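Dropping model31.cif in here (mmCIF, C-alpha atoms):
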```
data_model
#
loop_
_atom_site.label_atom_id
_atom_site.label_comp_id
_atom_site.auth_asym_id
_atom_site.auth_seq_id
_atom_site.Cartn_x
_atom_site.Cartn_y
_atom_site.Cartn_z
CA MET A 1 21.69 -63.78 3.07
CA SER A 2 22.82 -62.13 6.32
CA SER A 3 20.47 -62.32 9.27
CA PRO A 4 18.78 -59.09 10.38
CA SER A 5 20.25 -57.21 13.35
CA PRO A 6 18.57 -57.65 16.76
CA ALA A 7 17.02 -54.17 16.44
CA ALA A 8 15.86 -54.52 12.84
CA PRO A 9 12.10 -53.95 12.47
CA TRP A 10 11.85 -56.91 10.08
CA ARG A 11 13.70 -59.40 12.29
CA SER A 12 10.56 -61.48 12.91
CA LEU A 13 10.42 -62.26 9.18
CA ARG A 14 13.53 -64.42 9.42
CA HIS A 15 11.16 -67.11 10.70
CA ARG A 16 9.50 -68.98 7.85
CA GLY A 17 6.18 -69.32 9.65
CA MET A 18 6.00 -65.56 10.25
CA ARG A 19 6.62 -64.87 6.56
CA TRP A 20 3.72 -67.10 5.55
CA TRP A 21 1.53 -65.66 8.29
CA SER A 22 2.25 -62.12 7.08
CA VAL A 23 1.25 -63.01 3.54
CA ALA A 24 -1.94 -64.67 4.79
CA ASN A 25 -2.77 -61.65 6.96
CA PHE A 26 -2.28 -59.26 4.05
CA VAL A 27 -4.70 -61.27 1.90
CA SER A 28 -7.20 -61.49 4.75
CA ASN A 29 -7.00 -57.78 5.62
CA ALA A 30 -7.43 -56.78 2.00
CA GLY A 31 -10.53 -58.97 1.73
CA THR A 32 -11.96 -57.71 5.02
CA TRP A 33 -11.56 -54.04 4.13
CA MET A 34 -12.99 -54.70 0.69
CA GLN A 35 -16.09 -56.19 2.32
CA LEU A 36 -16.38 -53.43 4.94
CA THR A 37 -16.24 -50.76 2.26
CA VAL A 38 -18.82 -52.53 0.13
CA GLN A 39 -21.05 -53.36 3.12
CA ASN A 40 -21.43 -49.69 4.09
CA LEU A 41 -22.35 -48.85 0.51
CA LEU A 42 -24.77 -51.78 0.37
CA VAL A 43 -26.62 -50.68 3.52
CA LEU A 44 -26.86 -47.16 2.13
CA GLN A 45 -28.30 -48.55 -1.12
CA LEU A 46 -30.83 -50.71 0.73
CA THR A 47 -31.99 -48.08 3.23
CA GLY A 48 -30.65 -44.68 2.17
CA SER A 49 -29.94 -44.11 5.87
CA ALA A 50 -26.55 -43.20 7.34
CA ALA A 51 -27.91 -44.05 10.80
CA THR A 52 -28.71 -47.61 9.71
CA THR A 53 -25.22 -47.91 8.25
CA GLY A 54 -23.76 -46.94 11.61
CA LEU A 55 -26.12 -49.39 13.32
CA SER A 56 -24.83 -52.26 11.18
CA MET A 57 -21.28 -51.48 12.36
CA SER A 58 -22.41 -51.34 15.99
CA VAL A 59 -24.25 -54.66 15.66
CA GLN A 60 -21.03 -56.29 14.46
CA ALA A 61 -19.04 -54.73 17.32
CA ALA A 62 -21.60 -55.48 20.07
CA PRO A 63 -20.64 -59.17 20.61
CA ALA A 64 -17.11 -58.06 21.55
CA LEU A 65 -18.61 -56.05 24.41
CA LEU A 66 -20.72 -58.93 25.69
CA ILE A 67 -18.86 -62.18 25.08
CA SER A 68 -15.20 -61.40 24.32
CA VAL A 69 -14.23 -62.87 27.70
CA PHE A 70 -15.80 -66.19 26.70
CA GLY A 71 -14.09 -66.09 23.31
CA GLY A 72 -10.75 -65.60 25.07
CA ALA A 73 -11.50 -68.54 27.37
CA ALA A 74 -12.18 -70.70 24.31
CA VAL A 75 -8.79 -69.71 22.86
CA ASP A 76 -7.07 -70.81 26.10
CA ARG A 77 -9.04 -74.05 26.15
CA TRP A 78 -8.76 -75.21 22.54
CA PRO A 79 -5.70 -75.91 20.33
CA ARG A 80 -4.67 -72.54 18.93
CA ARG A 81 -4.00 -73.45 15.30
CA LEU A 82 -7.21 -75.46 15.05
CA THR A 83 -9.20 -72.65 16.68
CA ALA A 84 -7.80 -70.03 14.30
CA ALA A 85 -8.32 -72.23 11.24
CA VAL A 86 -11.93 -73.07 12.15
CA SER A 87 -12.81 -69.45 12.98
CA GLN A 88 -11.35 -68.28 9.66
CA ALA A 89 -13.32 -70.95 7.80
CA LEU A 90 -16.53 -69.89 9.57
CA LEU A 91 -15.94 -66.23 8.69
CA GLY A 92 -15.44 -67.35 5.10
CA ALA A 93 -18.75 -69.24 5.21
CA VAL A 94 -20.56 -66.09 6.39
CA ALA A 95 -18.98 -64.07 3.58
CA PHE A 96 -19.98 -66.67 0.95
CA THR A 97 -23.53 -66.81 2.34
CA THR A 98 -23.81 -63.04 2.02
CA ALA A 99 -22.43 -63.18 -1.52
CA VAL A 100 -25.05 -65.73 -2.57
CA LEU A 101 -27.89 -63.72 -1.01
CA VAL A 102 -26.71 -60.55 -2.74
CA ALA A 103 -26.38 -62.33 -6.09
CA LEU A 104 -29.91 -63.74 -5.77
CA GLY A 105 -31.37 -60.40 -4.63
CA ARG A 106 -32.52 -61.98 -1.36
CA LEU A 107 -30.51 -59.88 1.09
CA ASP A 108 -32.55 -57.47 3.21
CA VAL A 109 -31.46 -55.29 6.15
CA PRO A 110 -32.59 -57.65 8.98
CA THR A 111 -30.70 -60.55 7.37
CA LEU A 112 -27.62 -58.36 6.92
CA MET A 113 -27.79 -57.39 10.60
CA VAL A 114 -27.98 -61.04 11.64
CA LEU A 115 -24.97 -61.90 9.48
CA ALA A 116 -23.07 -58.94 10.94
CA ALA A 117 -23.86 -60.15 14.46
CA VAL A 118 -22.71 -63.70 13.61
CA THR A 119 -19.48 -62.26 12.23
CA GLY A 120 -18.99 -60.34 15.47
CA VAL A 121 -19.51 -63.48 17.56
CA ILE A 122 -16.96 -65.47 15.55
CA ALA A 123 -14.51 -62.57 15.74
CA THR A 124 -14.47 -62.78 19.56
CA VAL A 125 -12.66 -66.09 19.16
CA ASP A 126 -10.82 -65.36 15.92
CA GLY A 127 -9.18 -62.12 17.14
CA PRO A 128 -7.26 -63.47 20.15
CA ALA A 129 -6.58 -66.82 18.45
CA CYS A 130 -4.90 -65.20 15.45
CA ALA A 131 -3.04 -62.64 17.56
CA LEU A 132 -1.53 -65.27 19.84
CA LEU A 133 -0.86 -67.65 16.96
CA GLY A 134 1.31 -64.97 15.34
CA ASN A 135 3.28 -64.60 18.58
CA ASP A 136 3.87 -68.37 18.72
CA LEU A 137 5.77 -68.16 15.42
CA VAL A 138 8.63 -66.06 16.84
CA PRO A 139 10.76 -66.10 20.02
CA PRO A 140 9.70 -63.70 22.81
CA GLU A 141 12.26 -61.03 21.95
CA ASP A 142 10.84 -60.78 18.42
CA VAL A 143 7.20 -60.32 19.48
CA PRO A 144 7.33 -56.48 19.14
CA SER A 145 8.70 -56.96 15.62
CA ALA A 146 5.92 -59.41 14.81
CA ILE A 147 3.31 -56.94 16.09
CA GLY A 148 4.90 -54.09 14.12
CA VAL A 149 4.98 -56.17 10.95
CA GLY A 150 1.35 -57.07 11.61
CA ALA A 151 0.47 -53.37 11.86
CA LEU A 152 2.20 -52.71 8.53
CA VAL A 153 0.36 -55.61 6.94
CA HIS A 154 -2.92 -54.29 8.35
CA GLN A 155 -2.34 -50.82 6.88
CA ALA A 156 -1.28 -52.24 3.51
CA GLY A 157 -4.29 -54.57 3.44
CA ARG A 158 -6.61 -51.72 4.39
CA LEU A 159 -5.39 -49.50 1.56
CA THR A 160 -5.44 -52.36 -0.94
CA GLY A 161 -8.89 -53.57 0.09
CA ALA A 162 -10.43 -50.10 -0.08
CA ALA A 163 -8.96 -49.58 -3.55
CA LEU A 164 -10.05 -53.01 -4.80
CA ALA A 165 -13.60 -52.54 -3.50
CA GLY A 166 -14.48 -49.91 -6.10
CA VAL A 167 -12.85 -51.85 -8.92
CA THR A 168 -14.50 -55.13 -7.96
CA VAL A 169 -17.97 -53.64 -7.57
CA GLY A 170 -17.61 -51.69 -10.82
CA PHE A 171 -16.63 -54.69 -12.94
CA LEU A 172 -18.02 -57.73 -11.12
CA GLY A 173 -20.70 -56.47 -8.75
CA THR A 174 -21.22 -56.32 -4.99
CA ALA A 175 -21.53 -60.10 -4.56
CA ALA A 176 -18.02 -60.56 -5.97
CA ALA A 177 -16.53 -58.45 -3.18
CA TYR A 178 -18.10 -60.69 -0.52
CA ALA A 179 -16.97 -63.79 -2.41
CA ALA A 180 -13.42 -62.43 -2.62
CA ASN A 181 -13.42 -61.91 1.14
CA GLY A 182 -14.64 -65.48 1.61
CA LEU A 183 -11.74 -66.73 -0.49
CA SER A 184 -9.30 -64.67 1.57
CA PHE A 185 -10.52 -66.36 4.77
CA LEU A 186 -10.19 -69.80 3.20
CA PHE A 187 -6.64 -68.94 2.10
CA VAL A 188 -5.70 -68.12 5.71
CA ALA A 189 -7.39 -71.29 6.96
CA SER A 190 -5.40 -73.35 4.45
CA VAL A 191 -2.08 -71.77 5.51
CA ILE A 192 -2.52 -72.21 9.28
CA PRO A 193 -2.02 -76.04 9.42
CA PHE A 194 1.45 -75.63 7.89
CA LEU A 195 2.65 -73.04 10.44
CA ARG A 196 5.12 -74.22 13.05
CA PRO A 197 6.10 -72.33 16.25
CA ALA A 198 9.65 -71.01 16.43
CA ARG A 199 11.95 -73.25 18.42
CA ASP A 200 12.83 -70.50 20.88
CA ALA A 201 9.13 -69.81 21.39
CA VAL A 202 8.51 -73.47 22.25
CA ARG A 203 11.41 -73.51 24.71
CA ALA A 204 10.17 -70.29 26.27
CA ALA A 205 6.81 -71.90 26.99
CA GLY A 206 8.46 -75.06 28.26
CA PRO A 207 6.88 -78.47 28.80
CA ALA A 208 6.22 -77.75 32.48
CA VAL A 209 4.36 -74.55 31.73
CA ARG A 210 2.32 -76.20 29.02
CA GLY A 211 1.50 -79.02 31.43
CA VAL A 212 0.33 -76.57 34.08
CA SER A 213 -1.76 -74.84 31.44
CA ARG A 214 -3.50 -78.07 30.49
CA ARG A 215 -4.15 -79.03 34.13
CA ARG A 216 -5.56 -75.62 35.00
CA ASP A 217 -7.74 -75.56 31.91
CA ALA A 218 -9.01 -79.02 32.78
CA GLU A 219 -9.91 -77.76 36.27
CA ASP A 220 -11.38 -74.42 35.16
CA GLY A 221 -13.10 -75.53 31.97
CA MET A 222 -13.98 -72.41 30.01
CA THR A 223 -14.44 -70.14 33.03
CA VAL A 224 -13.39 -66.55 32.62
CA ARG A 225 -12.99 -65.86 36.33
CA GLU A 226 -9.25 -66.54 36.43
CA GLY A 227 -8.60 -64.17 33.55
CA LEU A 228 -10.76 -61.45 35.09
CA VAL A 229 -9.08 -61.81 38.49
CA PHE A 230 -5.61 -61.72 36.93
CA PHE A 231 -6.48 -58.59 34.95
CA VAL A 232 -7.97 -56.74 37.93
CA ARG A 233 -5.06 -57.64 40.22
CA ARG A 234 -2.35 -56.79 37.72
CA PRO A 235 -1.36 -53.11 38.16
CA ARG A 236 0.50 -53.03 34.84
CA LEU A 237 -2.58 -54.07 32.90
CA LEU A 238 -4.84 -51.70 34.82
CA ALA A 239 -2.42 -48.86 34.09
CA LEU A 240 -2.33 -49.86 30.42
CA ALA A 241 -6.13 -49.91 30.36
CA GLY A 242 -6.25 -46.45 31.92
CA VAL A 243 -3.75 -44.95 29.48
CA THR A 244 -5.45 -46.52 26.48
CA GLY A 245 -8.91 -45.55 27.71
CA ILE A 246 -8.16 -41.87 28.29
CA SER A 247 -6.38 -41.69 24.93
CA GLY A 248 -9.22 -43.48 23.16
CA VAL A 249 -11.94 -41.21 24.54
CA PHE A 250 -10.29 -37.78 24.25
CA GLY A 251 -7.94 -38.42 21.32
CA ARG A 252 -7.34 -40.72 18.39
CA ASN A 253 -10.77 -40.20 16.81
CA TYR A 254 -9.13 -38.07 14.16
CA GLN A 255 -11.54 -39.10 11.40
CA LEU A 256 -14.10 -37.11 13.41
CA THR A 257 -12.18 -34.22 14.96
CA LEU A 258 -9.81 -33.46 12.10
CA ALA A 259 -12.58 -33.79 9.52
CA VAL A 260 -14.57 -31.09 11.31
CA LEU A 261 -11.46 -28.93 11.84
CA VAL A 262 -10.41 -29.10 8.18
CA THR A 263 -13.86 -28.49 6.71
CA GLY A 264 -14.84 -25.91 9.36
CA PRO A 265 -12.30 -23.50 10.90
CA LEU A 266 -9.63 -24.20 8.26
CA ALA A 267 -12.16 -23.82 5.40
CA GLY A 268 -10.92 -26.86 3.51
CA GLY A 269 -12.88 -29.38 1.47
CA ALA A 270 -13.06 -33.14 1.06
CA GLY A 271 -9.80 -33.07 -0.90
CA SER A 272 -8.00 -31.34 1.96
CA PHE A 273 -9.22 -33.90 4.46
CA GLY A 274 -8.15 -36.63 2.04
CA THR A 275 -4.64 -35.18 2.22
CA VAL A 276 -4.78 -35.20 6.02
CA SER A 277 -5.97 -38.83 5.98
CA THR A 278 -3.09 -39.77 3.69
CA VAL A 279 -0.57 -38.18 6.06
CA LEU A 280 -2.19 -40.01 8.98
CA ALA A 281 -1.82 -43.31 7.12
CA ALA A 282 1.81 -42.56 6.25
CA GLY A 283 2.53 -41.71 9.88
CA GLY A 284 0.89 -44.93 10.99
CA ILE A 285 3.11 -46.95 8.66
CA LEU A 286 6.26 -45.12 9.81
CA GLY A 287 5.24 -45.63 13.44
CA ALA A 288 4.70 -49.34 12.86
CA VAL A 289 8.25 -49.61 11.47
CA LEU A 290 9.67 -47.78 14.49
CA GLY A 291 7.53 -49.83 16.89
CA ALA A 292 8.82 -53.04 15.35
CA ARG A 293 12.34 -52.05 16.47
CA LEU A 294 11.35 -52.18 20.14
CA ARG A 295 12.96 -54.88 22.24
CA ARG A 296 11.40 -54.41 25.69
CA PRO A 297 8.27 -52.25 25.51
CA SER A 298 6.73 -51.22 28.82
CA VAL A 299 3.61 -49.55 30.18
CA ARG A 300 5.73 -46.51 31.09
CA MET A 301 6.78 -46.22 27.46
CA VAL A 302 3.15 -46.42 26.36
CA GLY A 303 2.23 -43.70 28.85
CA VAL A 304 5.02 -41.37 27.76
CA LEU A 305 4.08 -41.78 24.11
CA ALA A 306 0.37 -41.28 24.83
CA ALA A 307 1.06 -38.11 26.82
CA ALA A 308 3.28 -36.82 24.01
CA GLY A 309 0.50 -37.60 21.55
CA GLY A 310 -1.95 -35.63 23.69
CA LEU A 311 0.31 -32.58 23.70
CA LEU A 312 0.77 -32.83 19.93
CA GLN A 313 -3.00 -33.02 19.54
CA ALA A 314 -3.43 -29.88 21.63
CA VAL A 315 -0.92 -28.02 19.47
CA ALA A 316 -2.66 -29.30 16.32
CA GLY A 317 -5.88 -27.76 17.62
CA LEU A 318 -4.18 -24.35 17.42
CA SER A 319 -3.15 -24.81 13.76
CA PRO A 320 -3.81 -21.58 11.83
CA SER A 321 -3.63 -23.27 8.42
CA LEU A 322 -3.82 -26.63 6.68
CA GLY A 323 -0.05 -26.63 6.13
CA VAL A 324 0.67 -26.30 9.85
CA LEU A 325 -1.88 -29.02 10.62
CA LEU A 326 -0.18 -31.41 8.19
CA VAL A 327 3.15 -30.79 9.94
CA MET A 328 1.55 -31.75 13.28
CA VAL A 329 -0.47 -34.70 11.99
CA LEU A 330 2.54 -36.77 10.94
CA PRO A 331 4.21 -36.98 14.40
CA MET A 332 0.78 -37.50 15.99
CA ALA A 333 0.23 -40.58 13.85
CA VAL A 334 3.78 -41.85 14.40
CA VAL A 335 3.53 -41.55 18.19
CA GLU A 336 0.11 -43.22 18.21
CA SER A 337 1.33 -46.14 16.11
CA VAL A 338 4.47 -46.75 18.21
CA SER A 339 2.36 -46.53 21.38
CA ASP A 340 -0.12 -49.08 19.98
CA THR A 341 2.68 -51.50 19.10
CA ALA A 342 4.27 -51.20 22.54
CA GLY A 343 0.92 -51.59 24.31
CA THR A 344 -0.06 -54.63 22.27
CA ALA A 345 3.30 -56.27 22.99
CA VAL A 346 2.84 -55.74 26.74
CA LEU A 347 -0.73 -57.02 26.64
CA GLN A 348 0.15 -60.18 24.72
CA THR A 349 3.29 -61.10 26.68
CA ASP A 350 2.64 -59.99 30.28
CA PRO A 351 0.05 -62.67 31.26
CA PRO A 352 1.20 -66.28 31.73
CA ALA A 353 0.72 -68.46 28.67
CA HIS A 354 -2.35 -70.29 29.98
CA LEU A 355 -4.21 -67.00 30.61
CA ARG A 356 -3.38 -64.94 27.54
CA GLY A 357 -6.54 -65.76 25.63
CA ARG A 358 -8.74 -64.83 28.57
CA VAL A 359 -6.83 -61.61 29.23
CA LEU A 360 -7.20 -60.65 25.57
CA GLY A 361 -10.90 -61.43 25.90
CA VAL A 362 -11.22 -59.06 28.86
CA TRP A 363 -9.30 -56.46 26.89
CA GLY A 364 -11.65 -56.91 23.94
CA SER A 365 -14.67 -56.10 26.10
CA VAL A 366 -12.97 -53.08 27.67
CA GLY A 367 -11.76 -51.81 24.30
CA THR A 368 -15.24 -52.07 22.84
CA VAL A 369 -16.55 -49.80 25.60
CA TRP A 370 -14.01 -47.17 24.56
CA SER A 371 -14.68 -47.55 20.84
CA LEU A 372 -18.45 -47.25 21.32
CA GLY A 373 -18.36 -44.56 24.00
CA GLY A 374 -15.48 -42.45 22.73
CA PRO A 375 -17.08 -40.82 19.65
CA PRO A 376 -20.28 -39.71 21.46
CA ALA A 377 -18.25 -38.30 24.39
CA LEU A 378 -15.92 -36.50 22.02
CA GLY A 379 -18.86 -35.24 20.00
CA LEU A 380 -20.37 -33.76 23.19
CA LEU A 381 -17.04 -32.09 23.99
CA MET A 382 -16.99 -30.62 20.50
CA GLU A 383 -20.49 -29.25 21.04
CA LEU A 384 -19.44 -27.62 24.30
CA ALA A 385 -15.94 -26.40 23.45
CA GLY A 386 -15.90 -26.28 19.66
CA THR A 387 -13.62 -28.28 17.38
CA ARG A 388 -10.40 -26.53 18.34
CA GLY A 389 -11.39 -26.60 21.99
CA ALA A 390 -12.08 -30.33 21.88
CA LEU A 391 -8.65 -31.04 20.42
CA ILE A 392 -6.89 -28.77 22.89
CA VAL A 393 -8.83 -29.74 26.02
CA GLY A 394 -8.80 -33.43 25.06
CA GLY A 395 -5.05 -33.42 24.44
CA LEU A 396 -4.30 -31.63 27.70
CA LEU A 397 -6.59 -34.00 29.62
CA ILE A 398 -4.70 -36.98 28.20
CA ALA A 399 -1.29 -35.56 29.14
CA ALA A 400 -2.41 -34.35 32.58
CA SER A 401 -4.18 -37.60 33.51
CA ILE A 402 -1.23 -39.77 32.54
CA THR A 403 1.23 -37.48 34.36
CA ALA A 404 -0.95 -37.49 37.49
CA GLY A 405 -1.21 -41.27 37.38
CA HIS A 406 2.56 -41.62 37.06
CA LEU A 407 3.20 -39.26 40.00
CA LEU A 408 0.65 -41.10 42.15
CA HIS A 409 2.26 -44.44 41.30
CA THR A 410 5.71 -43.06 42.13
CA ARG A 411 4.53 -41.78 45.51
CA ARG A 412 2.92 -45.11 46.38
CA ARG A 413 6.14 -46.96 45.56
CA ALA A 414 8.23 -44.47 47.52
CA ALA A 415 6.05 -44.63 50.68
CA PRO A 416 6.88 -48.27 51.67
CA ALA A 417 10.58 -47.63 51.02
CA LEU A 418 10.52 -44.59 53.34
CA SER A 419 8.67 -46.58 55.99
CA ARG A 420 11.25 -49.37 55.89
CA ALA A 421 14.09 -46.85 56.13
CA ALA A 422 12.46 -45.20 59.15
CA LEU A 423 12.06 -48.55 60.91
CA GLN A 424 15.69 -49.47 60.25
CA THR A 425 16.83 -46.11 61.63
CA ALA A 426 14.73 -46.55 64.76
CA ALA A 427 16.12 -50.03 65.27
#
```
Just give me the structure as structure tokens.
Amino acid sequence: MSSPSPAAPWRSLRHRGMRWWSVANFVSNAGTWMQLTVQNLLVLQLTGSAATTGLSMSVQAAPALLISVFGGAAVDRWPRRLTAAVSQALLGAVAFTTAVLVALGRLDVPTLMVLAAVTGVIATVDGPACALLGNDLVPPEDVPSAIGVGALVHQAGRLTGAALAGVTVGFLGTAAAYAANGLSFLFVASVIPFLRPARDAVRAAGPAVRGVSRRRDAEDGMTVREGLVFFVRRPRLLALAGVTGISGVFGRNYQLTLAVLVTGPLAGGAGSFGTVSTVLAAGGILGAVLGARLRRPSVRMVGVLAAAGGLLQAVAGLSPSLGVLLVMVLPMAVVESVSDTAGTAVLQTDPPAHLRGRVLGVWGSVGTVWSLGGPPALGLLMELAGTRGALIVGGLLIAASITAGHLLHTRRRAAPALSRAALQTAA
């Protein structure tokens, strides 16, 4: 079998460890989305309240806001494969506990909230550990491919899990869905010990670097200060945070904005929005394939794609019909997916090896702020400007903010160069 070309989106799969990791991630994602789908239905059955359902999701996300930085420090401190395997096993234990309580009829809302919070705490360690473990399985130039393949696996697992949730509950009951998710975590935990880093990835880290990492960790313990300082003093990461933040608040929440647009001004129904959601998913998959072809993603690339996505969103807000909206939705989803892949590659490769867990922990806290604050802010904008206005104003704000930031950065870089030239001329 011929080896894939250097630009092939699937090039990371030539590494045996990455192939096994992709299979494990697909199983895990399918189980997770099966449980998430069933959990929302379960809360609705127990309480009959949509607000309580939303609260259960917030409770699970809240630990990421508060302690992600400590989870990232743990990933830098502890052996990565062991950390990922233990965190997956613990998530499996929570899923099995929930399954038993459901089967016995002993699960109430407070207990479910506690289990959701425990899951969120474990995820603050599991997320960065699994992300960086996947990168260890390929050489540095194949990291964008590995991230793109991971995005494809995530989408495939999401669709599969959502579909299996209804079938599983219908034939086997709600407890079976939680048990299936527990088994998926145990499958991942059983695969991890057999994964081996790619040779090029090991050489890239180098014995000296790994030695420095161990010495620094021994000095710093599990402190998060070094990761926080690195993040704050790294212009590339601050710029990436700014681009992602403005996009996350004023765009991307298409399940909210497009749902209201389709069912309101465009006079469509649930079926019409289902079609829009399908096109969004297809665009996300296509974007993941294109993103996996990237060789050297940069913050500038992320900014250009995010600005383009904002302009597409503004145009989508002007759509006179569902057909026109569908034409706009596909490139919106593609651009968003490629931008996500490029941004994730920068985030996971820019910090030095001994700080990557802590930087991902800082990013987890920052990202949670956007995910929790974005929908309310966008909802307020929709109240003030209407659905079309929110899409248009939000898209233009994204494009204008990113363009202004780029021009300001260019001027700051040009100023020292002009000063040096003036001094040389005077001399």
If I put a ball of radius 8 Å at (-3.8, -43.5, 11.4) in the file's coordinates, which residues poke into it when counting all atoms listed in the file, written as JSON, numbers by chain?
{"A": [277, 280, 281, 282, 283, 284, 333, 336, 337]}
Write out, as an mmCIF file, keeping the file's coordinate frame, the residues just selected, with C-alpha atoms.
```cif
data_model
loop_
_atom_site.group_PDB
_atom_site.id
_atom_site.type_symbol
_atom_site.label_atom_id
_atom_site.label_comp_id
_atom_site.auth_asym_id
_atom_site.auth_seq_id
_atom_site.Cartn_x
_atom_site.Cartn_y
_atom_site.Cartn_z
ATOM 1 C CA SER A 277 -5.970 -38.830 5.980
ATOM 2 C CA LEU A 280 -2.190 -40.010 8.980
ATOM 3 C CA ALA A 281 -1.820 -43.310 7.120
ATOM 4 C CA ALA A 282 1.810 -42.560 6.250
ATOM 5 C CA GLY A 283 2.530 -41.710 9.880
ATOM 6 C CA GLY A 284 0.890 -44.930 10.990
ATOM 7 C CA ALA A 333 0.230 -40.580 13.850
ATOM 8 C CA GLU A 336 0.110 -43.220 18.210
ATOM 9 C CA SER A 337 1.330 -46.140 16.110
#
```
Atom CA of Val315 of chain A to atom CA of Leu407 of chain A, distance in Å rounded to a single decimal:
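Distance reported for this atom pair: 23.8 Å.
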With only C-alpha atoms as the atoms that count, which of A:Ser12, A:Thr387, A:Ser298, A:Thr368 lies nearest to Gly134 of chain A?
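Closest to Gly134 of chain A of all the choices is A:Ser12.
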Exercise: His406 of chain A partners within 12 Å, only C-alpha atoms, chain neighbours under 5 positions left out, as a VMD selection string
chain A and resid 236 239 to 240 242 to 243 299 to 304 307 399 to 401 411 to 413
Identify which of the residues A:Ala308, A:Thr37, A:Tyr254, A:Gly170 lies closest to Leu397 of chain A, counting all atoms listed in the file when measuring atom-to-atom distances.
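Of A:Ala308, A:Thr37, A:Tyr254, A:Gly170, the one nearest Leu397 of chain A, counting all atoms listed in the file, is A:Ala308.
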Running the PyMOL selection byres ((chain A and resi 224) around 8) on this model by hand, what would come out? Give it as a PyMOL selection string.
chain A and resi 69-70+73+222-223+225-228+358
